[in-house]
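Listing of final-v9.tsv, TSV, C-alpha atoms and all ligand atoms
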```tsv
chain	number	residue	atom	x	y	z
Q	1	MET	CA	-21.20	-38.31	-9.99
Q	2	THR	CA	-23.90	-40.71	-8.69
Q	3	ALA	CA	-24.32	-44.26	-10.07
Q	4	GLY	CA	-27.47	-43.07	-11.95
Q	5	GLY	CA	-25.60	-40.09	-13.30
Q	6	ARG	CA	-22.72	-42.30	-14.42
Q	7	THR	CA	-25.10	-44.60	-16.30
Q	8	TRP	CA	-26.79	-41.67	-18.03
Q	9	PHE	CA	-23.41	-40.20	-18.87
Q	10	ALA	CA	-22.16	-43.56	-20.26
Q	11	VAL	CA	-25.27	-43.85	-22.43
Q	12	GLN	CA	-24.74	-40.31	-23.76
Q	13	LEU	CA	-21.11	-41.08	-24.47
Q	14	VAL	CA	-21.95	-44.26	-26.38
Q	15	LEU	CA	-24.52	-42.32	-28.42
Q	16	PHE	CA	-21.95	-39.66	-29.25
Q	17	ILE	CA	-19.34	-42.20	-30.25
Q	18	ALA	CA	-21.94	-43.94	-32.44
Q	19	MET	CA	-22.67	-40.59	-34.09
Q	20	LEU	CA	-18.96	-39.98	-34.56
Q	21	THR	CA	-18.61	-43.30	-36.35
Q	22	ALA	CA	-21.71	-42.71	-38.45
Q	23	LEU	CA	-20.67	-39.23	-39.50
Q	24	GLY	CA	-17.16	-40.22	-40.44
Q	25	ARG	CA	-14.57	-37.49	-41.04
Q	26	ARG	CA	-16.78	-35.17	-43.07
Q	27	PRO	CA	-15.11	-31.82	-43.70
Q	28	GLY	CA	-16.61	-29.23	-41.38
Q	29	ALA	CA	-18.27	-31.86	-39.24
Q	30	LEU	CA	-15.24	-33.37	-37.58
Q	31	GLY	CA	-11.57	-32.85	-37.34
Q	32	THR	CA	-8.67	-31.04	-35.82
Q	33	PHE	CA	-7.34	-27.63	-36.77
Q	34	GLY	CA	-4.55	-26.67	-39.13
Q	35	ALA	CA	-1.35	-24.91	-38.10
Q	36	LYS	CA	-1.20	-21.19	-38.58
Q	37	GLY	CA	1.21	-19.51	-40.99
Q	38	VAL	CA	4.12	-17.38	-39.83
Q	39	PHE	CA	3.53	-13.65	-39.71
Q	40	GLY	CA	6.02	-10.97	-40.67
Q	41	GLY	CA	6.13	-7.20	-40.29
Q	42	ARG	CA	6.62	-4.85	-37.37
Q	43	PRO	CA	4.49	-3.87	-34.42
Q	44	MET	CA	2.90	-0.44	-34.24
Q	45	GLY	CA	1.56	1.77	-31.47
Q	46	PRO	CA	-1.37	0.38	-29.52
Q	47	PHE	CA	-3.89	3.04	-30.38
Q	48	GLY	CA	-2.67	4.00	-33.84
Q	49	ALA	CA	-4.73	4.13	-36.98
Q	50	LYS	CA	-3.61	0.74	-38.23
Q	51	ARG	CA	-5.81	-1.68	-36.35
Q	52	VAL	CA	-4.38	-5.10	-37.16
Q	53	GLU	CA	-0.67	-5.65	-37.18
Q	54	PHE	CA	1.50	-8.65	-37.90
Q	55	VAL	CA	4.69	-9.19	-35.96
Q	56	ALA	CA	7.69	-11.48	-36.16
Q	57	HIS	CA	8.17	-14.19	-33.53
Q	58	ASN	CA	11.36	-15.23	-31.78
Q	59	GLY	CA	10.51	-18.91	-31.65
Q	60	PRO	CA	8.09	-21.39	-33.15
Q	61	VAL	CA	4.62	-19.94	-33.78
Q	62	PRO	CA	2.07	-21.60	-31.48
Q	63	LYS	CA	-0.66	-23.57	-33.16
Q	64	ASP	CA	-3.85	-21.60	-33.77
Q	65	TYR	CA	-6.81	-23.68	-32.61
Q	66	PHE	CA	-9.30	-20.82	-33.00
Q	67	ASP	CA	-9.89	-21.01	-36.74
Q	68	GLU	CA	-12.74	-19.46	-38.73
Q	69	ARG	CA	-15.21	-22.19	-37.83
Q	70	ILE	CA	-14.62	-21.72	-34.10
Q	71	ALA	CA	-14.47	-17.92	-34.41
Q	72	LYS	CA	-17.84	-17.73	-36.14
Q	73	SER	CA	-19.50	-20.04	-33.63
Q	74	TYR	CA	-17.59	-18.98	-30.48
Q	75	GLU	CA	-20.62	-17.35	-28.80
Q	76	ALA	CA	-22.97	-20.16	-29.82
Q	77	LYS	CA	-20.58	-22.82	-28.54
Q	78	TRP	CA	-19.90	-21.18	-25.15
Q	79	PRO	CA	-23.04	-19.08	-24.48
Q	80	GLU	CA	-22.55	-19.21	-20.70
Q	81	ILE	CA	-19.49	-16.94	-20.84
Q	82	PHE	CA	-21.49	-14.30	-22.74
Q	83	GLU	CA	-24.15	-14.05	-20.01
Q	84	PRO	CA	-24.48	-10.34	-19.12
Q	85	ALA	CA	-23.93	-11.10	-15.41
Q	86	VAL	CA	-20.61	-12.79	-16.20
Q	87	VAL	CA	-19.38	-10.13	-18.61
Q	88	ASP	CA	-20.54	-7.17	-16.51
Q	89	ALA	CA	-18.82	-8.45	-13.37
Q	90	ALA	CA	-15.54	-9.01	-15.23
Q	91	VAL	CA	-15.71	-5.63	-16.93
Q	92	SER	CA	-16.44	-3.78	-13.66
Q	93	PHE	CA	-13.54	-5.55	-11.96
Q	94	LEU	CA	-11.13	-4.70	-14.79
Q	95	ALA	CA	-12.37	-1.13	-15.28
Q	96	GLY	CA	-11.77	-0.46	-11.57
Q	97	LEU	CA	-8.13	-1.56	-11.90
Q	98	ALA	CA	-7.52	0.30	-15.17
Q	99	GLY	CA	-8.83	3.64	-13.85
Q	100	SER	CA	-7.84	6.27	-16.39
Q	101	GLY	CA	-4.99	4.11	-17.76
Q	102	ALA	CA	-4.81	1.81	-20.77
Q	103	ALA	CA	-5.47	-1.93	-20.73
Q	104	LEU	CA	-3.81	-4.76	-22.66
Q	105	GLU	CA	-5.79	-7.95	-23.26
Q	106	LEU	CA	-3.78	-11.07	-24.05
Q	107	GLY	CA	-5.79	-13.37	-26.32
Q	108	VAL	CA	-8.42	-10.72	-27.04
Q	109	GLY	CA	-10.43	-13.11	-29.21
Q	110	THR	CA	-13.76	-11.78	-30.49
Q	111	GLY	CA	-13.74	-8.91	-27.99
Q	112	ARG	CA	-16.15	-10.48	-25.48
Q	113	ILE	CA	-14.49	-8.44	-22.68
Q	114	ALA	CA	-12.49	-5.86	-24.65
Q	115	LEU	CA	-15.55	-4.36	-26.37
Q	116	PRO	CA	-17.62	-3.64	-23.24
Q	117	LEU	CA	-14.49	-2.52	-21.37
Q	118	SER	CA	-13.72	-0.07	-24.15
Q	119	GLN	CA	-17.34	1.10	-24.05
Q	120	ARG	CA	-16.77	1.93	-20.35
Q	121	GLY	CA	-14.13	4.42	-21.48
Q	122	VAL	CA	-10.98	2.28	-21.01
Q	123	ARG	CA	-8.51	2.33	-23.92
Q	124	VAL	CA	-7.93	-1.33	-24.81
Q	125	HIS	CA	-5.34	-2.96	-27.02
Q	126	GLY	CA	-5.31	-6.69	-27.74
Q	127	ILE	CA	-2.73	-9.30	-28.69
Q	128	GLU	CA	-4.20	-12.25	-30.55
Q	129	LEU	CA	-2.88	-15.25	-32.47
Q	130	SER	CA	-5.99	-15.94	-34.52
Q	131	PRO	CA	-6.85	-13.57	-37.38
Q	132	ALA	CA	-10.24	-15.32	-37.60
Q	133	MET	CA	-11.13	-14.35	-34.02
Q	134	VAL	CA	-10.11	-10.74	-34.71
Q	135	ALA	CA	-12.12	-10.71	-37.94
Q	136	GLU	CA	-15.15	-11.78	-35.92
Q	137	MET	CA	-14.55	-8.95	-33.44
Q	138	ARG	CA	-14.36	-6.50	-36.34
Q	139	THR	CA	-17.98	-7.31	-37.23
Q	140	LYS	CA	-19.15	-5.90	-33.87
Q	141	PRO	CA	-20.05	-2.32	-32.92
Q	142	GLY	CA	-17.25	-0.43	-31.19
Q	143	ALA	CA	-14.47	-2.64	-32.58
Q	144	ASP	CA	-12.80	0.32	-34.29
Q	145	ALA	CA	-11.74	1.63	-30.89
Q	146	ILE	CA	-9.65	-1.48	-30.19
Q	147	GLY	CA	-6.18	-1.90	-31.65
Q	148	VAL	CA	-4.97	-5.45	-32.18
Q	149	THR	CA	-1.51	-6.88	-32.71
Q	150	ILE	CA	-1.49	-10.32	-34.28
Q	151	GLY	CA	1.08	-12.46	-32.49
Q	152	ASP	CA	1.90	-14.77	-29.59
Q	153	PHE	CA	1.14	-13.08	-26.28
Q	154	ALA	CA	4.08	-14.82	-24.61
Q	155	THR	CA	6.54	-12.81	-26.70
Q	156	THR	CA	4.77	-10.12	-28.75
Q	157	ARG	CA	5.57	-6.54	-27.76
Q	158	VAL	CA	3.39	-3.55	-28.43
Q	159	GLU	CA	4.25	0.07	-27.87
Q	160	GLY	CA	2.96	1.90	-24.86
Q	161	SER	CA	2.78	1.49	-21.12
Q	162	PHE	CA	-0.28	-0.07	-19.55
Q	163	GLU	CA	-2.02	0.28	-16.20
Q	164	LEU	CA	-3.60	-3.13	-16.61
Q	165	ALA	CA	-2.95	-6.36	-18.49
Q	166	TYR	CA	-5.44	-9.22	-18.33
Q	167	LEU	CA	-5.70	-12.83	-19.48
Q	168	VAL	CA	-9.14	-14.30	-18.89
Q	169	ARG	CA	-11.13	-17.42	-19.59
Q	170	ASN	CA	-8.32	-19.92	-18.79
Q	171	THR	CA	-6.24	-18.58	-21.67
Q	172	ILE	CA	-2.92	-18.79	-19.76
Q	173	THR	CA	-3.28	-22.57	-20.20
Q	174	ASN	CA	-3.14	-22.14	-23.99
Q	175	LEU	CA	0.60	-21.78	-23.44
Q	176	THR	CA	1.55	-25.43	-23.17
Q	177	THR	CA	5.01	-25.21	-21.59
Q	178	GLN	CA	6.20	-23.73	-18.31
Q	179	ASP	CA	8.79	-21.68	-20.23
Q	180	GLU	CA	6.07	-20.02	-22.33
Q	181	GLN	CA	3.97	-19.24	-19.26
Q	182	VAL	CA	7.02	-17.72	-17.53
Q	183	GLN	CA	7.76	-15.71	-20.68
Q	184	CYS	CA	4.19	-14.47	-20.69
Q	185	PHE	CA	4.53	-13.04	-17.17
Q	186	GLN	CA	7.81	-11.41	-18.18
Q	187	ASN	CA	6.22	-9.98	-21.31
Q	188	VAL	CA	3.34	-8.57	-19.27
Q	189	ALA	CA	5.73	-6.99	-16.73
Q	190	ALA	CA	7.55	-5.28	-19.61
Q	191	HIS	CA	4.26	-3.68	-20.71
Q	192	LEU	CA	3.06	-2.53	-17.28
Q	193	ARG	CA	3.95	0.76	-15.70
Q	194	PRO	CA	5.34	0.35	-12.14
Q	195	GLY	CA	2.35	-0.34	-9.88
Q	196	GLY	CA	0.32	-1.66	-12.81
Q	197	CYS	CA	-1.67	-4.89	-12.42
Q	198	PHE	CA	-1.87	-8.23	-14.21
Q	199	VAL	CA	-5.16	-10.14	-13.87
Q	200	VAL	CA	-5.53	-13.84	-14.67
Q	201	GLU	CA	-8.77	-15.82	-14.61
Q	202	VAL	CA	-8.13	-19.55	-14.66
Q	203	TYR	CA	-9.63	-22.77	-13.36
Q	204	ILE	CA	-8.18	-24.85	-10.55
Q	205	PRO	CA	-6.99	-28.19	-12.00
Q	206	GLU	CA	-9.70	-30.74	-11.21
Q	207	LEU	CA	-7.39	-33.54	-10.12
Q	208	GLN	CA	-9.36	-34.04	-6.89
Q	209	ARG	CA	-12.29	-35.13	-9.05
Q	210	LEU	CA	-10.33	-37.96	-10.69
Q	211	PRO	CA	-10.77	-41.36	-9.04
Q	212	PRO	CA	-7.41	-43.15	-8.57
Q	213	GLY	CA	-6.13	-44.44	-11.90
Q	214	GLU	CA	-8.60	-42.39	-13.98
Q	215	THR	CA	-7.42	-39.69	-16.37
Q	216	VAL	CA	-10.69	-38.36	-17.83
Q	217	HIS	CA	-13.09	-35.96	-16.17
Q	218	ALA	CA	-16.40	-34.83	-17.73
Q	219	PHE	CA	-16.78	-31.11	-17.11
Q	220	THR	CA	-19.77	-30.29	-19.32
Q	221	VAL	CA	-22.68	-32.65	-19.84
Q	222	THR	CA	-25.76	-31.26	-21.58
Q	223	PRO	CA	-27.97	-32.77	-24.31
Q	224	THR	CA	-26.05	-30.81	-26.98
Q	225	HIS	CA	-22.57	-30.40	-25.51
Q	226	LEU	CA	-20.26	-32.94	-23.90
Q	227	ALA	CA	-16.78	-31.97	-22.80
Q	228	PHE	CA	-14.02	-33.96	-21.14
Q	229	GLU	CA	-10.66	-33.06	-19.71
Q	230	GLU	CA	-8.05	-35.78	-20.27
Q	231	TYR	CA	-5.21	-35.27	-17.80
Q	232	ASP	CA	-1.60	-36.29	-18.38
Q	233	LEU	CA	0.00	-35.80	-14.99
Q	234	ALA	CA	3.54	-36.42	-16.21
Q	235	THR	CA	3.48	-33.48	-18.61
Q	236	GLN	CA	0.92	-31.29	-16.76
Q	237	ILE	CA	-1.18	-31.18	-19.92
Q	238	ALA	CA	-4.94	-31.58	-20.07
Q	239	PHE	CA	-6.50	-32.23	-23.46
Q	240	SER	CA	-9.98	-30.73	-23.68
Q	241	HIS	CA	-12.32	-32.72	-25.90
Q	242	HIS	CA	-15.60	-31.04	-26.88
Q	243	TYR	CA	-18.52	-32.60	-28.78
Q	244	TRP	CA	-21.51	-30.48	-29.85
Q	245	VAL	CA	-24.64	-31.43	-31.74
Q	246	VAL	CA	-25.40	-28.50	-34.04
Q	247	ASP	CA	-28.38	-28.82	-36.40
Q	248	GLY	CA	-28.19	-32.59	-36.13
Q	249	ARG	CA	-24.48	-32.70	-36.95
Q	250	LEU	CA	-21.56	-33.44	-34.68
Q	251	GLU	CA	-18.84	-30.83	-34.23
Q	252	THR	CA	-15.67	-31.38	-32.25
Q	253	PHE	CA	-12.84	-29.38	-30.77
Q	254	THR	CA	-9.75	-30.85	-29.15
Q	255	ALA	CA	-6.78	-28.90	-27.87
Q	256	PRO	CA	-4.01	-29.29	-25.28
Q	257	PHE	CA	-3.76	-26.95	-22.31
Q	258	ARG	CA	-1.10	-26.67	-19.60
Q	259	TYR	CA	-3.03	-26.61	-16.34
Q	260	VAL	CA	-1.34	-24.62	-13.62
Q	261	TRP	CA	-1.77	-24.06	-9.89
Q	262	PRO	CA	-2.08	-20.66	-8.18
Q	263	SER	CA	1.23	-21.18	-6.36
Q	264	GLU	CA	3.08	-21.82	-9.62
Q	265	LEU	CA	1.59	-18.65	-11.09
Q	266	ASP	CA	2.69	-16.71	-7.99
Q	267	LEU	CA	6.24	-17.90	-8.59
Q	268	MET	CA	6.07	-16.88	-12.26
Q	269	ALA	CA	4.86	-13.46	-11.16
Q	270	ARG	CA	7.71	-13.17	-8.68
Q	271	LEU	CA	10.24	-14.10	-11.37
Q	272	ALA	CA	8.82	-11.25	-13.44
Q	273	GLY	CA	8.96	-8.67	-10.63
Q	274	MET	CA	5.31	-8.82	-9.58
Q	275	THR	CA	3.66	-9.73	-6.29
Q	276	LEU	CA	0.21	-11.05	-5.47
Q	277	ARG	CA	-2.19	-8.27	-4.55
Q	278	GLU	CA	-5.59	-10.05	-4.55
Q	279	ARG	CA	-7.02	-13.50	-5.19
Q	280	TRP	CA	-10.77	-14.18	-5.47
Q	281	SER	CA	-12.89	-17.12	-6.53
Q	282	ASN	CA	-14.87	-15.03	-9.05
Q	283	TRP	CA	-15.33	-11.56	-10.52
Q	284	ASN	CA	-17.68	-10.59	-7.69
Q	285	ARG	CA	-14.76	-10.82	-5.26
Q	286	GLU	CA	-16.07	-13.84	-3.37
Q	287	PRO	CA	-13.37	-15.38	-1.17
Q	288	PHE	CA	-10.95	-17.88	-2.66
Q	289	THR	CA	-11.12	-21.10	-0.63
Q	290	SER	CA	-10.11	-24.77	-0.89
Q	291	ALA	CA	-13.47	-25.40	-2.57
Q	292	SER	CA	-13.00	-22.75	-5.27
Q	293	ARG	CA	-13.00	-24.13	-8.80
Q	294	SER	CA	-11.36	-21.11	-10.38
Q	295	HIS	CA	-9.59	-17.95	-9.34
Q	296	ILE	CA	-9.14	-14.37	-10.32
Q	297	SER	CA	-5.63	-13.35	-9.32
Q	298	VAL	CA	-4.15	-9.87	-9.43
Q	299	TRP	CA	-0.41	-9.34	-9.34
Q	300	GLN	CA	1.16	-5.91	-9.15
Q	301	ARG	CA	4.39	-4.82	-10.78
Q	302	THR	CA	6.67	-3.93	-7.93
Q	303	THR	CA	10.01	-3.31	-9.70
S	401	LIG	C1	-10.68	-19.00	-24.83
S	401	LIG	S1	-10.38	-17.77	-26.04
S	401	LIG	C2	-10.67	-16.31	-25.05
S	401	LIG	C3	-10.95	-15.10	-25.90
S	401	LIG	C4	-11.32	-13.84	-25.09
S	401	LIG	N1	-10.25	-13.44	-24.20
S	401	LIG	C5	-12.57	-14.10	-24.27
S	401	LIG	O1	-12.51	-13.99	-23.04
S	401	LIG	O2	-13.62	-14.41	-24.86
S	401	LIG	C6	-8.60	-17.79	-26.14
S	401	LIG	C7	-8.06	-16.81	-27.16
S	401	LIG	O3	-6.66	-16.71	-27.00
S	401	LIG	C8	-6.04	-16.81	-28.26
S	401	LIG	N2	-4.69	-17.37	-28.05
S	401	LIG	C9	-4.38	-18.62	-27.64
S	401	LIG	N3	-3.04	-18.76	-27.52
S	401	LIG	C10	-2.50	-17.57	-27.85
S	401	LIG	C11	-1.17	-17.08	-27.92
S	401	LIG	N4	-0.14	-17.85	-27.59
S	401	LIG	N5	-0.99	-15.80	-28.30
S	401	LIG	C12	-2.06	-15.00	-28.64
S	401	LIG	N6	-3.34	-15.41	-28.59
S	401	LIG	C13	-3.56	-16.68	-28.20
S	401	LIG	C14	-6.94	-17.71	-29.07
S	401	LIG	O4	-6.73	-17.55	-30.45
S	401	LIG	C15	-8.31	-17.24	-28.60
S	401	LIG	O5	-8.78	-16.15	-29.34
```
Please go through the file and, once you have read it, give me the structure as structure tokens.
Amino acid sequence: MTAGGRTWFAVQLVLFIAMLTALGRRPGALGTFGAKGVFGGRPMGPFGAKRVEFVAHNGPVPKDYFDERIAKSYEAKWPEIFEPAVVDAAVSFLAGLAGSGAALELGVGTGRIALPLSQRGVRVHGIELSPAMVAEMRTKPGADAIGVTIGDFATTRVEGSFELAYLVRNTITNLTTQDEQVQCFQNVAAHLRPGGCFVVEVYIPELQRLPPGETVHAFTVTPTHLAFEEYDLATQIAFSHHYWVVDGRLETFTAPFRYVWPSELDLMARLAGMTLRERWSNWNREPFTSASRSHISVWQRTT
């Protein structure tokens, strides 16, 4: 960032903090997100009539940060990921790998990718922690074609064998321990048929952008949305802090994410019996280089 840019950014930050103070902790305007309840029940087949299922978990249930408020405003808060060019490129990439087989989306959310992929003729099943995100998907055309199992994608099993599993939009980092991320790869391998592929889209940790001694990096700066990554190198956790101005009110979102390097993901894949098949810097298959800020990696189940 230039000196001018830094000054502008500092002014914006001060204004936001002043707004934060002025607004106080008004319900709906500010705050963190409550823990999710524990689900019970048993999983069902991926494409069966019952569309939302609740499953038991082996360990602690991860915290659900995607509550009703975020679910209802997901597209408005992150419009850039709904751009047709972004969605179409991802869907074409995934449809090519799925072929005539079925696809499993981990963290299916509001169906941003699952719905258009299903409309391309791919059978899609989703695993999702947040009932609110699934409820939002259910308001959209074509949602009936998508089965969803409510649960933690690190451990939740669904019936069926899949040609493709995918985890997009940095969602692997929602698992905040190495053990959970390893479990996720193992869970995916258990769902893939031999030769099936696992696709992950995730950012490259932006540590090169941190000046020595600094821990906070601004990654979105617009007049209505500021977002910062706060890195804790000792625990490999980055807290994302978002501040939006919506209709003159301040809304916030803060959550921890475990950032992870491509090489660590390759090792997780190997532990789960998968090997790297492709790595690109984006959905249009542009080369992955030292300057890439994110990657699309494809591992193939080899055992
Ligand atoms: C960034 S959103 C991405 C949603 C969707 N894949 C997309 O591309 O728009 C992450 C989603 O993953 C879900 N999620 C996070 N951790 C999860 C977990 N451990 N198990 C299942 N779903 C999880 C969240 O509830 C949320 O819907």
Selection within 9 Å of ligand LIG 401 (chain S) by all atoms listed in the file, output as JSON, numbers by chain: {"Q": [61, 62, 63, 64, 65, 66, 67, 71, 74, 75, 81, 82, 105, 106, 107, 108, 109, 110, 111, 112, 113, 114, 126, 127, 128, 129, 130, 131, 132, 133, 134, 150, 151, 152, 153, 154, 155, 156, 166, 167, 168, 169, 170, 171, 172, 173, 174, 175, 176, 180, 184]}
query: Can you find the residues with an atom no farther than 10 Å from (-11.1, -33.6, -12.0), counting all atoms listed in the file, and report them as a ChimeraX atom specification?
result: /Q:204-211,214-219,228-231
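The two atoms in question, CA of Arg138 (chain Q) and CA of Glu83 (chain Q), are spaced 20.5 Å apart.
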statement: Between CA of Val87 (chain Q) and CA of Val148 (chain Q) lies a distance of 20.3 Å
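If you look at CA of His125 (chain Q) and CA of Ala272 (chain Q), they are 21.3 Å away from each other.
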What's around Gly195 (chain Q) at 6 Å? Count only C-alpha atoms, leave out sequence neighbours fewer than 6 positions away in its own chain, and write the answer as a compact mmCIF listing (two decimals) with C-alpha atoms, keeping the file's coordinate frame.
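Result saved to result.txt:
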```txt
# COMPACT_ATOMS: atom_id res chain seq x y z
CA GLN Q 300 1.16 -5.91 -9.15
CA ARG Q 301 4.39 -4.82 -10.78
CA THR Q 302 6.67 -3.93 -7.93
```
message: Residues within 12 Å of Gln119 (chain Q), please, as a ChimeraX atom specification. Count only C-alpha atoms; anything in the same chain fewer than 3 positions from it doesn't count.
response: /Q:88,91-92,95,111-116,122-124,141-146
message: With distances taken over all atoms listed in the file, which residue among Q:Ala227, Q:Ala90, Q:Met268, Q:Leu276 lies nearest Thr252 (chain Q)?
response: Q:Ala227
List as a PDB file with C-alpha atoms, keeping the file's coordinate frame the protein and nucleic acid residues near Arg285 (chain Q), meaning an atom at most 10 Å away when all atoms listed in the file are counted, but skip any in the same chain fewer than 2 places from it.
```pdb
ATOM      1  CA  ALA Q  89     -18.820  -8.450 -13.370  1.00  0.00           C
ATOM      2  CA  PHE Q  93     -13.540  -5.550 -11.960  1.00  0.00           C
ATOM      3  CA  GLU Q 278      -5.590 -10.050  -4.550  1.00  0.00           C
ATOM      4  CA  ARG Q 279      -7.020 -13.500  -5.190  1.00  0.00           C
ATOM      5  CA  TRP Q 280     -10.770 -14.180  -5.470  1.00  0.00           C
ATOM      6  CA  SER Q 281     -12.890 -17.120  -6.530  1.00  0.00           C
ATOM      7  CA  ASN Q 282     -14.870 -15.030  -9.050  1.00  0.00           C
ATOM      8  CA  TRP Q 283     -15.330 -11.560 -10.520  1.00  0.00           C
ATOM      9  CA  PRO Q 287     -13.370 -15.380  -1.170  1.00  0.00           C
ATOM     10  CA  PHE Q 288     -10.950 -17.880  -2.660  1.00  0.00           C
ATOM     11  CA  HIS Q 295      -9.590 -17.950  -9.340  1.00  0.00           C
ATOM     12  CA  ILE Q 296      -9.140 -14.370 -10.320  1.00  0.00           C
TER      13      ILE Q 296
END
```
